[in-house]
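*Asks:* So I've got this file, data04.txt, and it contains compact mmCIF, C-alpha atoms:
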# COMPACT_ATOMS: atom_id res chain seq x y z
CA MET S 1 100.16 75.49 124.19
CA ILE S 2 101.78 78.11 122.02
CA HIS S 3 103.47 76.88 118.83
CA ASN S 4 105.80 78.62 116.42
CA LEU S 5 108.00 77.79 113.47
CA LYS S 6 111.64 78.80 113.35
CA SER S 7 114.44 78.85 110.79
CA LYS S 8 118.08 77.97 111.33
CA LEU S 9 118.95 80.92 109.09
CA LEU S 10 117.63 83.22 111.83
CA ASP S 11 119.17 81.38 114.80
CA GLU S 12 121.21 84.38 115.94
CA PHE S 13 117.98 86.29 116.61
CA SER S 14 114.94 85.56 118.76
CA HIS S 15 112.09 84.88 116.33
CA GLY S 16 108.97 82.88 115.64
CA PHE S 17 106.31 82.40 113.01
CA PHE S 18 103.48 81.79 115.48
CA LEU S 19 100.59 79.45 114.72
CA ARG S 20 96.98 80.09 115.78
CA GLN S 21 97.04 77.89 118.92
CA GLY S 22 97.81 78.82 122.49
CA GLY S 23 95.73 81.97 123.00
CA VAL S 24 92.52 82.94 124.77
CA SER S 25 90.26 84.03 121.90
CA THR S 26 87.14 82.00 121.14
CA GLY S 27 84.79 81.33 118.23
CA PRO S 28 86.14 82.15 114.76
CA PHE S 29 89.18 83.82 116.38
CA GLU S 30 90.27 80.73 118.29
CA SER S 31 92.75 81.09 119.74
CA LEU S 32 95.92 83.19 119.31
CA ASN S 33 94.44 86.07 117.32
CA CYS S 34 96.72 89.14 117.51
CA ASP S 35 94.90 91.53 115.17
CA LEU S 36 93.77 94.73 116.88
CA ASN S 37 91.58 95.50 113.85
CA SER S 38 89.55 92.29 114.03
CA ASN S 39 86.08 91.91 115.55
CA ASP S 40 87.49 89.82 118.37
CA GLU S 41 87.25 91.01 121.98
CA GLU S 42 89.95 93.62 122.58
CA SER S 43 90.82 92.12 125.96
CA SER S 44 91.47 88.75 124.31
CA ILE S 45 93.66 90.30 121.61
CA LEU S 46 95.74 92.14 124.20
CA SER S 47 96.09 88.97 126.25
CA ASN S 48 97.25 87.10 123.16
CA ARG S 49 99.81 89.77 122.34
CA ALA S 50 101.06 89.61 125.93
CA ILE S 51 101.52 85.84 125.50
CA ILE S 52 103.63 86.45 122.39
CA ALA S 53 105.65 89.19 124.10
CA GLN S 54 106.41 86.91 127.04
CA ASN S 55 107.50 84.15 124.67
CA MET S 56 109.83 86.63 122.95
CA GLY S 57 111.22 87.98 126.24
CA LEU S 58 109.62 91.38 125.70
CA GLU S 59 107.40 93.81 127.53
CA PRO S 60 104.02 93.90 125.72
CA SER S 61 104.58 97.55 124.80
CA ASN S 62 107.84 96.60 123.05
CA LEU S 63 106.13 94.22 120.64
CA ILE S 64 105.45 96.55 117.71
CA THR S 65 102.98 95.98 114.90
CA LEU S 66 101.64 98.29 112.21
CA LYS S 67 98.31 99.27 110.75
CA GLN S 68 98.89 97.21 107.62
CA ILE S 69 97.51 98.67 104.39
CA HIS S 70 98.96 96.44 101.63
CA SER S 71 101.46 99.15 100.74
CA SER S 72 105.16 99.37 99.94
CA LYS S 73 105.84 101.58 102.99
CA VAL S 74 108.66 100.58 105.35
CA ILE S 75 109.03 102.09 108.83
CA LYS S 76 112.33 102.44 110.68
CA ILE S 77 111.73 101.67 114.37
CA GLU S 78 114.22 103.14 116.86
CA THR S 79 112.14 103.23 120.05
CA PRO S 80 108.83 101.60 121.06
CA VAL S 81 105.77 103.15 119.42
CA ASP S 82 102.04 102.56 119.86
CA SER S 83 101.12 99.56 117.73
CA ASN S 84 98.45 99.98 115.08
CA LEU S 85 98.81 103.77 114.92
CA ILE S 86 101.50 103.82 112.24
CA GLU S 87 100.54 102.75 108.73
CA GLY S 88 102.89 100.58 106.73
CA ASP S 89 103.72 97.01 105.84
CA ALA S 90 107.32 96.49 106.89
CA MET S 91 109.69 97.53 109.65
CA VAL S 92 113.45 97.54 110.20
CA THR S 93 115.54 98.19 113.29
CA SER S 94 119.05 98.03 114.72
CA SER S 95 117.77 98.60 118.27
CA LYS S 96 117.82 95.88 120.92
CA GLY S 97 114.79 95.19 123.08
CA ILE S 98 112.22 95.84 120.36
CA GLY S 99 110.15 93.09 118.76
CA LEU S 100 108.96 93.67 115.20
CA GLY S 101 105.70 91.88 114.44
CA ILE S 102 103.72 91.30 111.25
CA LEU S 103 100.14 90.00 111.09
CA THR S 104 99.04 87.60 108.36
CA ALA S 105 96.24 85.27 107.30
CA ASP S 106 97.38 84.18 103.79
CA CYS S 107 99.87 86.92 102.88
CA ALA S 108 103.52 86.07 103.51
CA PRO S 109 105.47 87.20 106.57
CA VAL S 110 109.08 87.63 105.47
CA MET S 111 111.92 88.05 107.99
CA PHE S 112 115.30 89.55 107.15
CA THR S 113 118.50 89.47 109.22
CA GLU S 114 121.97 90.88 108.75
CA ASN S 115 124.19 89.05 111.21
CA LYS S 116 127.31 91.20 110.89
CA ALA S 117 125.70 94.61 111.46
CA ARG S 118 122.93 93.15 113.71
CA ILE S 119 120.02 94.61 111.75
CA ILE S 120 116.61 93.00 111.29
CA GLY S 121 113.55 93.57 109.14
CA ILE S 122 110.12 92.06 108.69
CA ALA S 123 107.57 92.54 105.92
CA HIS S 124 103.92 91.75 105.22
CA VAL S 125 103.97 90.63 101.59
CA GLY S 126 100.72 90.06 99.75
CA TRP S 127 100.27 90.32 96.01
CA ARG S 128 99.97 94.11 96.14
CA GLY S 129 103.11 94.48 98.23
CA ALA S 130 105.05 92.09 96.02
CA LEU S 131 103.97 94.02 92.93
CA ASP S 132 104.68 97.41 94.49
CA SER S 133 108.21 96.66 95.80
CA ILE S 134 107.71 96.11 99.54
CA ILE S 135 110.56 93.57 99.48
CA GLU S 136 112.95 95.89 97.65
CA ASN S 137 112.03 98.80 99.94
CA THR S 138 112.61 96.76 103.09
CA ILE S 139 116.06 95.75 101.95
CA LEU S 140 116.85 99.36 100.96
CA LYS S 141 115.84 100.56 104.42
CA MET S 142 118.09 97.94 106.01
CA THR S 143 121.05 99.06 103.90
CA GLU S 144 120.41 102.64 105.02
CA LEU S 145 120.95 101.37 108.58
CA GLY S 146 124.25 99.79 107.56
CA ALA S 147 123.29 96.31 106.35
CA GLU S 148 125.19 94.75 103.46
CA ILE S 149 123.18 92.71 100.98
CA LYS S 150 125.83 89.97 100.84
CA PHE S 151 125.25 89.28 104.54
CA LEU S 152 121.44 89.27 104.40
CA ASN S 153 119.27 86.24 105.13
CA ALA S 154 115.56 86.03 104.31
CA VAL S 155 112.88 83.55 105.37
CA ILE S 156 109.33 83.30 104.03
CA GLY S 157 106.88 82.13 106.67
CA PRO S 158 103.51 80.38 106.36
CA CYS S 159 101.35 81.78 103.57
CA ILE S 160 98.92 80.62 100.93
CA GLN S 161 100.64 78.28 98.48
CA LYS S 162 100.12 78.07 94.73
CA GLU S 163 97.81 75.04 94.80
CA ASN S 164 95.23 77.06 96.75
CA TYR S 165 95.73 80.55 95.31
CA GLU S 166 93.22 80.73 92.45
CA ILE S 167 93.01 84.11 90.73
CA GLY S 168 91.17 85.71 87.83
CA ALA S 169 92.38 86.88 84.42
CA GLU S 170 92.28 90.53 85.54
CA PHE S 171 94.72 89.72 88.35
CA LEU S 172 97.10 88.04 85.91
CA GLU S 173 96.86 90.95 83.49
CA ARG S 174 97.88 93.39 86.23
CA PHE S 175 101.09 91.44 86.81
CA LEU S 176 101.88 91.04 83.13
CA ASN S 177 101.39 94.76 82.53
CA LYS S 178 104.04 95.37 85.18
CA ASP S 179 106.45 92.79 83.76
CA PRO S 180 105.69 90.06 81.18
CA ASN S 181 108.23 87.83 82.94
CA HIS S 182 105.76 87.50 85.81
CA LEU S 183 103.99 84.86 83.72
CA LYS S 184 106.30 82.18 85.16
CA TYR S 185 104.58 82.55 88.56
CA PHE S 186 101.17 81.59 87.18
CA ASN S 187 99.83 78.21 86.09
CA THR S 188 96.64 77.52 84.13
CA ASP S 189 95.07 74.08 84.61
CA GLU S 190 92.92 71.96 82.30
CA ASN S 191 89.79 73.77 83.55
CA GLU S 192 91.25 77.18 82.62
CA LYS S 193 91.68 78.07 86.28
CA ILE S 194 94.70 80.26 87.04
CA TRP S 195 96.93 79.73 90.09
CA PHE S 196 99.46 82.20 91.55
CA ASP S 197 102.77 81.28 93.21
CA LEU S 198 103.28 84.06 95.79
CA PRO S 199 106.27 82.52 97.61
CA GLY S 200 107.86 81.67 94.25
CA LEU S 201 107.69 85.33 93.23
CA ILE S 202 109.11 86.45 96.57
CA LEU S 203 112.04 84.04 96.34
CA ALA S 204 112.80 85.23 92.81
CA LYS S 205 112.76 88.87 93.94
CA LEU S 206 115.16 88.09 96.79
CA LEU S 207 117.55 86.33 94.42
CA SER S 208 117.42 89.15 91.88
CA ILE S 209 118.45 91.60 94.62
CA GLY S 210 121.40 89.42 95.57
CA ILE S 211 120.07 87.58 98.62
CA THR S 212 121.04 83.96 98.13
CA THR S 213 120.63 82.71 101.71
CA THR S 214 116.89 82.15 101.76
CA GLU S 215 114.28 79.69 102.98
CA ASN S 216 110.59 79.15 102.25
CA LEU S 217 108.92 77.29 105.13
CA GLY S 218 106.27 76.08 102.66
CA GLN S 219 103.35 75.87 105.10
CA CYS S 220 99.99 76.65 103.48
CA THR S 221 97.69 78.82 105.57
CA PHE S 222 94.66 77.98 103.42
CA ALA S 223 95.08 74.20 103.66
CA LEU S 224 96.02 73.82 107.34
CA SER S 225 92.97 75.14 109.18
CA ASP S 226 94.00 73.77 112.58
CA ASP S 227 97.28 75.68 112.47
CA PHE S 228 96.55 78.90 110.61
CA PHE S 229 93.94 81.58 110.07
CA SER S 230 93.08 82.12 106.39
CA HIS S 231 91.17 85.08 105.03
CA ARG S 232 90.63 83.35 101.69
CA ARG S 233 89.38 80.16 103.34
CA ASN S 234 86.90 82.14 105.42
CA GLN S 235 85.70 84.00 102.33
CA LYS S 236 85.26 80.77 100.39
CA ASN S 237 83.15 79.27 103.19
CA ASN S 238 81.20 82.48 103.97
CA LEU S 239 82.60 82.56 107.50
CA GLY S 240 83.18 86.30 107.81
CA ASP S 241 86.05 87.86 109.72
CA CYS S 242 89.02 85.76 110.82
CA GLY S 243 91.97 86.24 113.12
CA ARG S 244 95.58 86.91 112.21
CA MET S 245 98.73 85.06 113.16
CA ILE S 246 101.75 87.06 114.26
CA SER S 247 105.35 86.58 113.18
CA ALA S 248 107.92 88.38 115.29
CA ILE S 249 111.67 88.91 115.56
CA LYS S 250 114.04 90.81 117.83
CA ILE S 251 117.75 91.40 118.24
CA CYS S 252 119.02 89.37 121.19
Once you've parsed the file, please lay out its structure as structure tokens.

*Replies:*
Amino acid sequence: MIHNLKSKLLDEFSHGFFLRQGGVSTGPFESLNCDLNSNDEESSILSNRAIIAQNMGLEPSNLITLKQIHSSKVIKIETPVDSNLIEGDAMVTSSKGIGLGILTADCAPVMFTENKARIIGIAHVGWRGALDSIIENTILKMTELGAEIKFLNAVIGPCIQKENYEIGAEFLERFLNKDPNHLKYFNTDENEKIWFDLPGLILAKLLSIGITTTENLGQCTFALSDDFFSHRRNQKNNLGDCGRMISAIKIC
């Protein structure tokens, strides 16, 4: 059975942060892997994406994803395009009948809605994207379509949480070189291990832009192996490639 998480903040739009269950993939990609770039069987991936599209009330060709590159590039989608051909890490639209989808396996899927102007956005936010302004760029692109920041809502979906996001000193230094105030999103424990709060940084960025209606679903992809794929968990256990969950939203 397919499972997804929803937010009341996004109730006026069809949306879901989909978990890994309910698909047809097997082995390490079990079962709802939607990543066209993974080593999973292509037929299984396409079947899984069709399952998501049906759940969203879409034709499979109208469920759009990107070739994600950990960038700050935002794409405006006006008509259906071939998924995985366009590079970028966020999308916005004011068009009905199009589903915007982001693939994740530890990075944060972030959904944006503007209820008055009926504009939506979705972003793939990892540490690189957060550092390089993917959130700010997504909101800017929405305002170019007519969205007003005071009417924006934002929801952070399942991603790796601070208690499982260990990083090295070089990683911390990169953030501090960008802005010394980033230090508040890092903790060092008694063993000198450093931990990074990705959703905490995202929430702070949203607030600094003026978006006060926000939610962090708080589900940890690393910890909950039955529910979520996790690139970092696979790396830690020498398990190789893993699947990707999809988070999707459309204007009703």

*Asks:* Excluding Gly146 in chain S and any residue of its chain fewer than 6 positions from it, enumerate the residues within 12 Å of it, using all atoms listed in the file, and give them as a VMD selection string.

*Replies:* chain S and resid 92 to 94 113 to 120 139 to 140 152

*Asks:* Find the residue from S:Met56, S:Leu239, S:Ile86, S:Ile194 that sits nearest to Ile98 in chain S; use only C-alpha atoms when measuring.

*Replies:*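 Between S:Met56, S:Leu239, S:Ile86, S:Ile194, the residue approaching Ile98 in chain S most closely is S:Met56.
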
*Asks:* With all atoms listed in the file as the counted atoms, please give the residues lying no more than 10 Å from Ser25 in chain S, apart from itself and same-chain residues fewer than 3 positions off, as a ChimeraX atom specification.

*Replies:* /S:20-22,28-34,40-45,47-48,243

*Asks:* Of the residues S:Ile211, S:Ser14, S:Asp35, S:Asp82, which is the one nearest to Glu148 in chain S, using all atoms listed in the file?

*Replies:*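 So, comparing all the options, the nearest one is S:Ile211.
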
*Asks:* Which residues of range 136-246 of chain S come within 8 Å of range 70-75 of chain S, and what is each one's closest atom pair and distance in Å (one decimal), counting only C-alpha atoms, sorted by chain and residue number, as CSV?

*Replies:*
residue,atom,partner,partner_atom,distance
S:Asn137,CA,S:Val74,CA,6.6
S:Thr138,CA,S:Val74,CA,5.9
S:Lys141,CA,S:Val74,CA,7.2

*Asks:* What does the file look like for those residues with C-alpha atoms, as a short mmCIF file (atom, residue, chain, number, x, y, z; two decimals), in the frame of the given file?

*Replies:*
data_model
loop_
_atom_site.label_atom_id
_atom_site.label_comp_id
_atom_site.auth_asym_id
_atom_site.auth_seq_id
_atom_site.Cartn_x
_atom_site.Cartn_y
_atom_site.Cartn_z
CA ASN S 137 112.03 98.80 99.94
CA THR S 138 112.61 96.76 103.09
CA LYS S 141 115.84 100.56 104.42
#

*Asks:* What does the structure give for the distance between CA of Gln235 in chain S and CA of Gly129 in chain S, in Å to one decimal?

*Replies:*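 Going from CA of Gln235 in chain S over to CA of Gly129 in chain S covers 20.7 Å.
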
*Asks:* For each of S:Lys76, S:Glu12, S:Leu131, S:Gly210, take the minimum atom-to-atom distance to Asn177 in chain S, counting all atoms listed in the file, then give the residue where this is smallest.

*Replies:*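 Using all atoms listed in the file, the shortest distance to Asn177 in chain S belongs to S:Leu131.
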
*Asks:* Fewer than 4 positions away in the same chain doesn't count, so skip those; otherwise give me all residues within 12 Å of Arg128 in chain S, counting all atoms listed in the file, as a PyMOL selection string.

*Replies:* chain S and resi 68-73+89+107-108+124+132-135+171+174-175+178+198+202

*Asks:* For the residues in that selection, give me C-alpha atoms as a PDB file, in the frame of the given file.

*Replies:*
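Written output follows (selection15.pdb):
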ATOM      1  CA  GLN S  68      98.890  97.210 107.620  1.00  0.00           C
ATOM      2  CA  ILE S  69      97.510  98.670 104.390  1.00  0.00           C
ATOM      3  CA  HIS S  70      98.960  96.440 101.630  1.00  0.00           C
ATOM      4  CA  SER S  71     101.460  99.150 100.740  1.00  0.00           C
ATOM      5  CA  SER S  72     105.160  99.370  99.940  1.00  0.00           C
ATOM      6  CA  LYS S  73     105.840 101.580 102.990  1.00  0.00           C
ATOM      7  CA  ASP S  89     103.720  97.010 105.840  1.00  0.00           C
ATOM      8  CA  CYS S 107      99.870  86.920 102.880  1.00  0.00           C
ATOM      9  CA  ALA S 108     103.520  86.070 103.510  1.00  0.00           C
ATOM     10  CA  HIS S 124     103.920  91.750 105.220  1.00  0.00           C
ATOM     11  CA  ASP S 132     104.680  97.410  94.490  1.00  0.00           C
ATOM     12  CA  SER S 133     108.210  96.660  95.800  1.00  0.00           C
ATOM     13  CA  ILE S 134     107.710  96.110  99.540  1.00  0.00           C
ATOM     14  CA  ILE S 135     110.560  93.570  99.480  1.00  0.00           C
ATOM     15  CA  PHE S 171      94.720  89.720  88.350  1.00  0.00           C
ATOM     16  CA  ARG S 174      97.880  93.390  86.230  1.00  0.00           C
ATOM     17  CA  PHE S 175     101.090  91.440  86.810  1.00  0.00           C
ATOM     18  CA  LYS S 178     104.040  95.370  85.180  1.00  0.00           C
ATOM     19  CA  LEU S 198     103.280  84.060  95.790  1.00  0.00           C
ATOM     20  CA  ILE S 202     109.110  86.450  96.570  1.00  0.00           C
TER      21      ILE S 202
END

*Asks:* Report, in Å to a single decimal, how far apart CA of Gly16 in chain S and CA of His3 in chain S are.

*Replies:*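 Going from CA of His3 in chain S over to CA of Gly16 in chain S covers 8.7 Å.
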